[in-house]
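K.L.:
Dumping the structure here so I can ask a few things about it.
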Amino acid sequence: MKIMKFCLLLIAAVSLSFAAKAQTAEDIIGKYADAIGGKDKLNQIKSVYTDATVSVMGGDNPASTTLLVGKGYLSQAEINGSKIIQCYTDKGGWTINPFTGSTDPAPMSDDQYQPGKDELWIGGSLLNYAAMGGKAELLGKDGNNYKIKITVDKSEKTYFIDATTYLLNKLTQTVSMQGQTADVSTTLSNYQKTDIGYLAPYKIDVDLGQIQLAYTVKAVTINKDVDPKIFEMPAK
């Protein structure tokens, strides 16, 4: 009887050990990579073009993003006739935002650039934190989501990964906006498979506090030819 009890306790201890081991940040991030297509497919991606609409203040507006992996990321949206542009490159970033009072392109400050520079890579800092010299920390669970904090340089982001599907549900971070800091929450859903098997979110909701943006993706094009010149800051 004592031997059987000892065996049961041993089995329980081993099971708990395996369960604990499976819940490291690295394991969860690896399962996220598998869920969106796997490392082999992700490594085949050289560029991603996204055609979308963004709903803000009751109106639908055209929007797009262009990623040339490791080189440049360009986000554009036209709201009430005014074009808003954000661009990150491997050397720095620039922006055009008429709602700040100027239609001229302006270089990003370091506080603006650091939180967004991971846009240059598929999976952002979640999949590339180690190569970027950062670290990952598992914060536990929030409902059915694993919470993982990624720290790279001055930037901290918290990722919420579904414990069942291992897809990314939400991302929170603090960013610099017009000289002030703001907490930004991004919710991702409606994942759809692209032609090479990479899963991309087709619904992206961004909460900036006073302003909410709702992106609806119409199409995702993988490995489209991209001219690197589009990432160069235009003259004023």
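How things are named: the first chain in the structure tokens is A, the next is B, and so on; residues count from 1 in each chain; ligands count from 1 in the order shown.
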Do you know which residues are at most 6 Å from Leu68 in chain A counting only C-alpha atoms, after dropping those on the same chain fewer than 2 positions away, and could you put them as an MDAnalysis selection string?

P.N.:
chainID A and resid 47 71:72

K.L.:
Could you please take those selected residues and save N, CA and C atoms as a PDB file, in the first residue's frame?

P.N.:
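Heads up, here's the output in out-v9.pdb:
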```pdb
ATOM      1  N   SER A  47       8.461  40.169 -47.485  1.00  0.00           N
ATOM      2  CA  SER A  47       7.669  41.397 -47.431  1.00  0.00           C
ATOM      3  C   SER A  47       6.207  41.059 -47.173  1.00  0.00           C
ATOM      4  N   LYS A  71      14.182  45.921 -43.089  1.00  0.00           N
ATOM      5  CA  LYS A  71      14.594  47.148 -43.779  1.00  0.00           C
ATOM      6  C   LYS A  71      13.672  48.325 -43.503  1.00  0.00           C
ATOM      7  N   GLY A  72      12.361  48.117 -43.681  1.00  0.00           N
ATOM      8  CA  GLY A  72      11.452  49.237 -43.516  1.00  0.00           C
ATOM      9  C   GLY A  72      10.021  48.814 -43.274  1.00  0.00           C
TER      10      GLY A  72
END
```

K.L.:
So which residues of range 58-230 of chain A fall under alpha helix (DSSP H) by DSSP, listed as a PyMOL selection string?

P.N.:
chain A and resi 110-116+124-128

K.L.:
For those residues, write N, CA and C atoms to a file as a PDB file, in the first residue's frame.

P.N.:
```
ATOM      1  N   ASP A 110      13.837  59.456 -30.252  1.00  0.00           N
ATOM      2  CA  ASP A 110      14.200  58.112 -29.811  1.00  0.00           C
ATOM      3  C   ASP A 110      13.058  57.478 -29.013  1.00  0.00           C
ATOM      4  N   ASP A 111      12.345  58.287 -28.230  1.00  0.00           N
ATOM      5  CA  ASP A 111      11.226  57.774 -27.446  1.00  0.00           C
ATOM      6  C   ASP A 111      10.088  57.278 -28.341  1.00  0.00           C
ATOM      7  N   GLN A 112       9.944  57.872 -29.518  1.00  0.00           N
ATOM      8  CA  GLN A 112       8.934  57.417 -30.473  1.00  0.00           C
ATOM      9  C   GLN A 112       9.403  56.185 -31.236  1.00  0.00           C
ATOM     10  N   TYR A 113      10.687  56.182 -31.580  1.00  0.00           N
ATOM     11  CA  TYR A 113      11.228  55.129 -32.437  1.00  0.00           C
ATOM     12  C   TYR A 113      11.364  53.790 -31.711  1.00  0.00           C
ATOM     13  N   GLN A 114      11.850  53.805 -30.487  1.00  0.00           N
ATOM     14  CA  GLN A 114      12.161  52.567 -29.786  1.00  0.00           C
ATOM     15  C   GLN A 114      10.971  51.612 -29.661  1.00  0.00           C
ATOM     16  N   PRO A 115       9.758  52.079 -29.265  1.00  0.00           N
ATOM     17  CA  PRO A 115       8.647  51.136 -29.116  1.00  0.00           C
ATOM     18  C   PRO A 115       8.148  50.549 -30.438  1.00  0.00           C
ATOM     19  N   GLY A 116       8.478  51.192 -31.560  1.00  0.00           N
ATOM     20  CA  GLY A 116       7.931  50.737 -32.833  1.00  0.00           C
ATOM     21  C   GLY A 116       8.916  50.074 -33.767  1.00  0.00           C
ATOM     22  N   GLY A 124       7.307  40.866 -34.498  1.00  0.00           N
ATOM     23  CA  GLY A 124       7.788  41.932 -33.632  1.00  0.00           C
ATOM     24  C   GLY A 124       8.794  41.459 -32.599  1.00  0.00           C
ATOM     25  N   SER A 125       8.806  42.141 -31.461  1.00  0.00           N
ATOM     26  CA  SER A 125       9.759  41.779 -30.413  1.00  0.00           C
ATOM     27  C   SER A 125       9.374  40.483 -29.721  1.00  0.00           C
ATOM     28  N   LEU A 126       8.124  40.037 -29.875  1.00  0.00           N
ATOM     29  CA  LEU A 126       7.712  38.780 -29.256  1.00  0.00           C
ATOM     30  C   LEU A 126       8.528  37.612 -29.805  1.00  0.00           C
ATOM     31  N   LEU A 127       8.744  37.577 -31.117  1.00  0.00           N
ATOM     32  CA  LEU A 127       9.507  36.493 -31.733  1.00  0.00           C
ATOM     33  C   LEU A 127      10.988  36.821 -31.885  1.00  0.00           C
ATOM     34  N   ASN A 128      11.336  38.092 -31.735  1.00  0.00           N
ATOM     35  CA  ASN A 128      12.710  38.498 -32.055  1.00  0.00           C
ATOM     36  C   ASN A 128      13.436  39.185 -30.904  1.00  0.00           C
TER      37      ASN A 128
END
```

K.L.:
Enumerate, as a PDB file with C-alpha atoms, in the first residue's frame, the complete set of residues in range 5-233 of chain A that a backbone-based DSSP assignment places in strand (DSSP E or B).

P.N.:
```pdb
ATOM      1  CA  SER A  47       7.669  41.397 -47.431  1.00  0.00           C
ATOM      2  CA  VAL A  48       4.061  41.870 -46.299  1.00  0.00           C
ATOM      3  CA  TYR A  49       1.582  44.339 -47.821  1.00  0.00           C
ATOM      4  CA  THR A  50      -1.730  44.895 -46.027  1.00  0.00           C
ATOM      5  CA  ASP A  51      -4.719  46.683 -47.555  1.00  0.00           C
ATOM      6  CA  ALA A  52      -7.267  47.780 -44.955  1.00  0.00           C
ATOM      7  CA  THR A  53      -9.845  50.294 -43.804  1.00  0.00           C
ATOM      8  CA  VAL A  54      -9.685  52.129 -40.485  1.00  0.00           C
ATOM      9  CA  SER A  55     -12.805  53.299 -38.685  1.00  0.00           C
ATOM     10  CA  VAL A  56     -12.393  56.344 -36.464  1.00  0.00           C
ATOM     11  CA  GLY A  59     -15.992  57.207 -40.572  1.00  0.00           C
ATOM     12  CA  ASP A  60     -14.271  54.532 -42.657  1.00  0.00           C
ATOM     13  CA  ASN A  61     -10.953  55.488 -44.211  1.00  0.00           C
ATOM     14  CA  PRO A  62      -8.365  53.773 -46.462  1.00  0.00           C
ATOM     15  CA  ALA A  63      -5.244  52.421 -44.766  1.00  0.00           C
ATOM     16  CA  SER A  64      -2.282  50.233 -45.660  1.00  0.00           C
ATOM     17  CA  THR A  65       0.988  48.895 -44.285  1.00  0.00           C
ATOM     18  CA  THR A  66       4.107  47.840 -46.160  1.00  0.00           C
ATOM     19  CA  LEU A  67       6.816  45.747 -44.519  1.00  0.00           C
ATOM     20  CA  LEU A  68      10.164  44.912 -46.077  1.00  0.00           C
ATOM     21  CA  GLY A  72      11.452  49.237 -43.516  1.00  0.00           C
ATOM     22  CA  TYR A  73       7.869  49.459 -42.285  1.00  0.00           C
ATOM     23  CA  LEU A  74       5.436  52.070 -43.658  1.00  0.00           C
ATOM     24  CA  SER A  75       1.952  52.661 -42.249  1.00  0.00           C
ATOM     25  CA  GLN A  76      -0.441  55.012 -44.073  1.00  0.00           C
ATOM     26  CA  ALA A  77      -3.997  56.124 -43.369  1.00  0.00           C
ATOM     27  CA  GLU A  78      -6.097  58.879 -44.930  1.00  0.00           C
ATOM     28  CA  ILE A  79      -8.521  60.468 -42.453  1.00  0.00           C
ATOM     29  CA  SER A  82      -5.417  64.160 -44.465  1.00  0.00           C
ATOM     30  CA  LYS A  83      -2.738  61.488 -44.782  1.00  0.00           C
ATOM     31  CA  ILE A  84      -1.045  60.167 -41.640  1.00  0.00           C
ATOM     32  CA  ILE A  85       2.215  58.283 -42.168  1.00  0.00           C
ATOM     33  CA  GLN A  86       4.510  56.431 -39.799  1.00  0.00           C
ATOM     34  CA  CYS A  87       7.745  54.920 -41.080  1.00  0.00           C
ATOM     35  CA  TYR A  88      10.362  52.823 -39.298  1.00  0.00           C
ATOM     36  CA  THR A  89      13.653  51.763 -40.854  1.00  0.00           C
ATOM     37  CA  GLY A  93      11.964  56.663 -38.195  1.00  0.00           C
ATOM     38  CA  TRP A  94       9.877  59.559 -39.455  1.00  0.00           C
ATOM     39  CA  THR A  95       6.254  60.603 -39.461  1.00  0.00           C
ATOM     40  CA  ILE A  96       3.720  62.907 -41.102  1.00  0.00           C
ATOM     41  CA  ALA A 106       9.513  64.984 -39.228  1.00  0.00           C
ATOM     42  CA  PRO A 107      12.082  62.551 -37.831  1.00  0.00           C
ATOM     43  CA  LYS A 135      14.369  39.496 -22.514  1.00  0.00           C
ATOM     44  CA  ALA A 136      11.051  37.692 -22.008  1.00  0.00           C
ATOM     45  CA  GLU A 137       9.250  37.216 -18.706  1.00  0.00           C
ATOM     46  CA  LEU A 138       6.152  35.092 -18.089  1.00  0.00           C
ATOM     47  CA  LEU A 139       3.830  37.084 -15.793  1.00  0.00           C
ATOM     48  CA  GLY A 140       1.305  34.279 -15.298  1.00  0.00           C
ATOM     49  CA  LYS A 141      -2.206  34.113 -16.712  1.00  0.00           C
ATOM     50  CA  ASP A 142      -5.014  36.609 -17.241  1.00  0.00           C
ATOM     51  CA  ASN A 145      -4.366  34.227 -21.746  1.00  0.00           C
ATOM     52  CA  TYR A 146      -0.691  33.842 -20.896  1.00  0.00           C
ATOM     53  CA  LYS A 147       0.896  37.229 -20.115  1.00  0.00           C
ATOM     54  CA  ILE A 148       4.441  37.703 -21.370  1.00  0.00           C
ATOM     55  CA  LYS A 149       6.416  40.915 -20.852  1.00  0.00           C
ATOM     56  CA  ILE A 150       9.056  41.657 -23.472  1.00  0.00           C
ATOM     57  CA  THR A 151      11.727  44.232 -22.666  1.00  0.00           C
ATOM     58  CA  VAL A 152      14.000  45.578 -25.418  1.00  0.00           C
ATOM     59  CA  SER A 155      10.599  49.538 -24.617  1.00  0.00           C
ATOM     60  CA  GLU A 156       8.311  47.259 -22.603  1.00  0.00           C
ATOM     61  CA  LYS A 157       5.364  45.418 -24.131  1.00  0.00           C
ATOM     62  CA  THR A 158       2.972  42.911 -22.596  1.00  0.00           C
ATOM     63  CA  TYR A 159       1.603  40.220 -24.887  1.00  0.00           C
ATOM     64  CA  PHE A 160      -1.557  38.212 -24.139  1.00  0.00           C
ATOM     65  CA  ILE A 161      -1.444  34.784 -25.811  1.00  0.00           C
ATOM     66  CA  ASP A 162      -4.477  32.494 -25.868  1.00  0.00           C
ATOM     67  CA  LEU A 168      -1.885  36.654 -29.883  1.00  0.00           C
ATOM     68  CA  ASN A 169      -5.082  38.257 -28.542  1.00  0.00           C
ATOM     69  CA  LYS A 170      -3.819  41.548 -27.162  1.00  0.00           C
ATOM     70  CA  LEU A 171      -0.773  43.777 -26.786  1.00  0.00           C
ATOM     71  CA  THR A 172      -0.331  46.629 -24.304  1.00  0.00           C
ATOM     72  CA  GLN A 173       2.442  49.218 -24.164  1.00  0.00           C
ATOM     73  CA  THR A 174       3.253  52.785 -23.166  1.00  0.00           C
ATOM     74  CA  VAL A 175       4.208  55.129 -26.002  1.00  0.00           C
ATOM     75  CA  SER A 176       5.299  58.746 -26.374  1.00  0.00           C
ATOM     76  CA  MET A 177       2.751  60.971 -28.134  1.00  0.00           C
ATOM     77  CA  GLN A 180       3.371  62.907 -23.361  1.00  0.00           C
ATOM     78  CA  THR A 181       3.111  59.211 -22.567  1.00  0.00           C
ATOM     79  CA  ALA A 182      -0.012  57.198 -23.300  1.00  0.00           C
ATOM     80  CA  ASP A 183      -1.092  53.633 -22.604  1.00  0.00           C
ATOM     81  CA  VAL A 184      -2.040  51.860 -25.825  1.00  0.00           C
ATOM     82  CA  SER A 185      -3.976  48.594 -26.041  1.00  0.00           C
ATOM     83  CA  THR A 186      -4.188  46.641 -29.307  1.00  0.00           C
ATOM     84  CA  THR A 187      -6.629  43.744 -29.710  1.00  0.00           C
ATOM     85  CA  LEU A 188      -6.160  41.244 -32.564  1.00  0.00           C
ATOM     86  CA  SER A 189      -8.738  38.778 -33.884  1.00  0.00           C
ATOM     87  CA  ASN A 190     -10.206  37.074 -36.979  1.00  0.00           C
ATOM     88  CA  TYR A 191      -6.967  35.360 -37.965  1.00  0.00           C
ATOM     89  CA  GLN A 192      -6.925  34.142 -41.567  1.00  0.00           C
ATOM     90  CA  LYS A 193      -4.412  32.058 -43.476  1.00  0.00           C
ATOM     91  CA  LEU A 199      -1.857  33.436 -40.214  1.00  0.00           C
ATOM     92  CA  ALA A 200      -2.533  37.172 -40.015  1.00  0.00           C
ATOM     93  CA  PRO A 201      -5.137  39.060 -37.935  1.00  0.00           C
ATOM     94  CA  TYR A 202      -7.827  40.632 -40.114  1.00  0.00           C
ATOM     95  CA  LYS A 203      -9.354  42.661 -37.266  1.00  0.00           C
ATOM     96  CA  ILE A 204      -7.182  45.026 -35.219  1.00  0.00           C
ATOM     97  CA  ASP A 205      -8.638  47.400 -32.620  1.00  0.00           C
ATOM     98  CA  VAL A 206      -6.392  50.087 -31.141  1.00  0.00           C
ATOM     99  CA  ASP A 207      -7.386  51.926 -27.958  1.00  0.00           C
ATOM    100  CA  GLN A 212     -10.239  54.281 -30.735  1.00  0.00           C
ATOM    101  CA  LEU A 213      -9.188  52.943 -34.143  1.00  0.00           C
ATOM    102  CA  ALA A 214     -10.733  49.858 -35.714  1.00  0.00           C
ATOM    103  CA  TYR A 215      -8.765  48.320 -38.601  1.00  0.00           C
ATOM    104  CA  THR A 216     -10.432  45.821 -40.922  1.00  0.00           C
ATOM    105  CA  VAL A 217      -7.984  44.075 -43.218  1.00  0.00           C
ATOM    106  CA  LYS A 218      -9.180  43.429 -46.772  1.00  0.00           C
ATOM    107  CA  ALA A 219      -6.143  41.614 -48.164  1.00  0.00           C
ATOM    108  CA  VAL A 220      -2.645  40.511 -47.154  1.00  0.00           C
ATOM    109  CA  THR A 221      -0.047  40.047 -49.902  1.00  0.00           C
ATOM    110  CA  ILE A 222       3.114  38.118 -49.076  1.00  0.00           C
TER     111      ILE A 222
END
```

K.L.:
Compare A:Ile45, A:Tyr198, A:Thr24, A:Tyr32 by their minimum atom-to-atom distance to Asp225 in chain A, counting only C-alpha atoms, and give me the closest one.

P.N.:
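For Asp225 in chain A, the nearest of the candidates is A:Ile45.
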
K.L.:
Measuring atom to atom with only C-alpha atoms, identify which of A:Met108, A:Ala163, A:Ile211, A:Val69 is nearest to Met57 in chain A.

P.N.:
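Under the stated criterion, the closest residue is A:Ile211.
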
K.L.:
Just the number, please: distance in Å from CA of Lys41 in chain A to CA of Thr165 in chain A, one decimal.

P.N.:
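Between CA of Lys41 in chain A and CA of Thr165 in chain A the gap is 18.2 Å.
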
K.L.:
Nearest to Pro234 in chain A: which of A:Pro105, A:Ala33, A:Gly81, A:Gly70 is it, counting only C-alpha atoms?

P.N.:
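Among the listed residues, the smallest separation from Pro234 in chain A belongs to A:Pro105.
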
K.L.:
Restricting the calculation to only C-alpha atoms, which member of A:Leu208, A:Ile230, A:Ala235, A:Ile122 is positioned closest to Lys39 in chain A?

P.N.:
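Smallest separation from Lys39 in chain A among the options: A:Ile122.
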
K.L.:
How many Å lie between CA of Gln44 in chain A and CA of Ile196 in chain A, rounded to one decimal?

P.N.:
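These two atoms are separated by 8.8 Å.
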
K.L.:
Nearest residue to Thr164 in chain A out of A:Leu42, A:Leu120, A:Met233, A:Ile28, using only C-alpha atoms?

P.N.:
A:Ile28
